[in-house]
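Beneath this line is the structure, given in structure tokens, with notes to follow.
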Amino acid sequence: QQNTIAFAKSNDTTVISKHIYGHFAEHLGRCIYDGFYVGEDNTTIPNTNGVRNDIINALKALNIPNLRWPGGCFADTYHWKDGIGPKENRPAIVNTWWGNVTEDNSFGTHDFLNLCEVLNTEPYISGNVGSGSVQELADWVQYVNFEGKSPMSDLRRQNGREKPWKVKFWGVGNEAWGCGGNMRPEYYVDVYRKYATFMSGVGVEGGLDKIASGASDADYRWTETLMRDIPHNLLQGVALHHYSVIDWGSKGSSTEFKEDQYFKTMQRSWKMEELIQKHTEIMDKYDPERKVDLVVDEWGGWYDVMQGTNPGFLYQQNTMRDAMIAGMNLNIFNNHAQRVKMANLAQTVNVLQAVILTEGKKMILTPTYHVMEMYKIHQDAVLVPLQLKTDNYEYKGEYLPAISASASIDKEGVTHISLVNIDLHDSKNITVSLDKVYKSVSGRILKSAKVQDYNSFGDPEKIKPTDFKGAVLKKDGIKIEVPPFSVVVLALK
Ligand code: AHR
């Protein structure tokens, strides 16, 4: 079959929310401690209020639009008052979700929200519903958001912060069906209604965006129950968590990746398309005007690690295969931008599909980082729907679409097309038929020879974007040759 792309005729002006390019940082393994945060007293690693400057600079270069914190599963065990005030007085607790290690609470609310200001990114706080109380969460909202005089805003001032941070995004629990309390959806709906009622949106433009703990993968009954039984004035978003997990529970090296594992990973990644379509159908039934957002607040690759007991605490080597996961998933989110308004990659530093890895003083950018950087041109750009015909990638009698793509037009009128060829062996020739006259086409590509390739601390720039010369502008369209196992972003002017 021939690979073709056409710009679908549409009057739609759906904007690809920049929050689709969001991130997630949990108190898990080496994400916060010995990742982001090395302590204010650290004199060997340059830092701002204890957060590594190299990480800050790398994330700024991605324009990260939001950062979700403090979990994940950790969120439903976290009592925010443990993490405020003088650090020497903060209690040390046990992080029961992630390895029963001591959590000294040295990175708390002020540390996180000040970091978000430095990064110029919007905070997304996950509240504790599983083991907290309605009052505790209502107090947290008041502590960070209330401008006037109140017990909580006075406490904030006493801790050195005059102005409120005005946090808009709030998760009402996390994975309530599992680590957040093992609830049934009917029960969680009532719990949600109660919590959401007491979370005041005063002082935040448009009120809070309250995001319900949503389904895992294909739990459509969960989404149906939430959409049907939570009044929509209390509900701005419904979460979905889907990981490209393989071999869950087995131990091994995440760099020894064979083609059958790669193919399974790509199957799990393509599953995101079906999940979003089906969850969207349910949401459309109860919310045809699409006022409630679908928030994919955890996604990414997850390999060969044992949950909670892995000595590396979900540290895994991010390789070129993760770049494929990222490119494909971001294309899927872009194409569903009408309903998907936020998606957060799990997790930013040293955990799961990290964009950044650290080792002592060293820091490296992973192939996933480079995909996020190449795709940042889609943030807040207008979606251009595509009609795509693609060859398959065949492995031992099983088939997947080889090419995924999405496109947008930015404020300067530049059209960008992002393309992923997951086929490990064959390049794909694609013809793009044009909707108007363009003067030039240029591009960038991320590719590597082997599925196991990665950036290491010894060779940090093995995989990085380079100029792409495989697209040629002709009278009847653009002819592109996309190499195997690569991610390409084109700019049409
Ligand atoms: O991202 C790791 C964990 O995965 C999160 O804590 C949890 O929400 C999910 O199961």
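Each chain in the structure tokens gets a letter, A, B and so on, in the order shown; residues start at 1 in every chain, and ligands are counted from 1 in the order they appear.
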Could you list, as a compact mmCIF listing (two decimals) with C-alpha atoms, in the first residue's frame, all the residues within 7 Å of ligand 1, counting only C-alpha atoms and all ligand atoms?
```
# COMPACT_ATOMS: atom_id res chain seq x y z
CA GLU A 26 6.26 11.94 42.50
CA GLY A 71 1.93 11.59 43.41
CA GLY A 72 0.74 9.13 42.20
CA CYS A 73 0.12 6.64 44.94
CA PHE A 74 2.19 8.76 47.32
CA ASN A 174 -5.29 9.33 42.61
CA GLU A 175 -6.18 5.84 41.36
CA GLU A 298 -0.09 9.24 33.71
CA ALA A 346 5.40 9.63 34.01
CA GLN A 347 7.84 10.71 35.38
```
Counting only C-alpha atoms, which residues of stretch 320-382 of chain A fall within 12 Å of stretch 444-453 of chain A, and what is the closest atom pair for each with its distance in Å at one decimal, ordered by chain and rising number, as a tab-separated table?
```
residue	atom	partner	partner_atom	distance
A:Met320	CA	A:Asp453	CA	5.7
A:Arg321	CA	A:Val451	CA	5.8
A:Asp322	CA	A:Val451	CA	9.4
A:Ala323	CA	A:Leu446	CA	8.3
A:Met324	CA	A:Lys447	CA	9.6
A:Ala326	CA	A:Leu446	CA	11.9
A:Gly327	CA	A:Leu446	CA	10.2
A:Thr366	CA	A:Asp453	CA	10.6
A:Pro367	CA	A:Leu446	CA	7.9
A:Thr368	CA	A:Leu446	CA	9.9
A:Tyr369	CA	A:Leu446	CA	10.9
A:His370	CA	A:Leu446	CA	7.7
A:Val371	CA	A:Leu446	CA	7.6
A:Met372	CA	A:Leu446	CA	11.2
A:Glu373	CA	A:Arg444	CA	10.9
A:Met374	CA	A:Arg444	CA	7.6
A:Tyr375	CA	A:Arg444	CA	10.3
```
Filtering to C-alpha atoms, could you give me those residues as a PDB file, in the first residue's frame?
```
ATOM      1  CA  MET A 320      15.204   5.000  21.634  1.00  0.00           C
ATOM      2  CA  ARG A 321      12.129   2.754  21.851  1.00  0.00           C
ATOM      3  CA  ASP A 322      10.730   5.265  24.381  1.00  0.00           C
ATOM      4  CA  ALA A 323      11.076   7.984  21.782  1.00  0.00           C
ATOM      5  CA  MET A 324       8.691   5.908  19.646  1.00  0.00           C
ATOM      6  CA  ALA A 326       6.416   9.366  23.099  1.00  0.00           C
ATOM      7  CA  GLY A 327       6.035  10.379  19.452  1.00  0.00           C
ATOM      8  CA  THR A 366      16.895  11.033  27.171  1.00  0.00           C
ATOM      9  CA  PRO A 367      15.553  10.360  23.648  1.00  0.00           C
ATOM     10  CA  THR A 368      12.084  11.069  25.096  1.00  0.00           C
ATOM     11  CA  TYR A 369      13.289  14.523  26.102  1.00  0.00           C
ATOM     12  CA  HIS A 370      14.253  15.198  22.500  1.00  0.00           C
ATOM     13  CA  VAL A 371      10.837  14.138  21.223  1.00  0.00           C
ATOM     14  CA  MET A 372       9.142  16.476  23.690  1.00  0.00           C
ATOM     15  CA  GLU A 373      11.450  19.245  22.554  1.00  0.00           C
ATOM     16  CA  MET A 374      10.789  18.564  18.843  1.00  0.00           C
ATOM     17  CA  TYR A 375       7.017  18.444  19.429  1.00  0.00           C
TER      18      TYR A 375
END
```
Q.
Could you pull out the helix (DSSP H, G or I) residues of stretch 42-233 of chain A, going by DSSP on the backbone, and write them as a PyMOL selection string?
A. chain A and resi 53-61+73-77+80-83+87-89+109-119+134-145+151-158+185-198+220-229+232-233
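Atom CA of A:Lys18 is positioned 16.8 Å from atom CA of A:Val414.
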Q) Pick from A:Leu365, A:Met199, A:Ala176, A:Val38: nearest to A:Ala61, with only C-alpha atoms counted? A) A:Leu365
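Our summary of the geometry notes that atom CA of A:Asp190 is positioned 13.9 Å from atom CA of A:Ser133.
Among the candidates A:Glu224, A:Met266, A:Ser153, A:Gly85, the one nearest to A:Glu398 when counting only C-alpha atoms is A:Met266.
Checking A:Ile20, A:Ala25, A:Val295, A:Leu226 one by one against A:Ile125, counting only C-alpha atoms, you find the shortest gap at A:Ala25.
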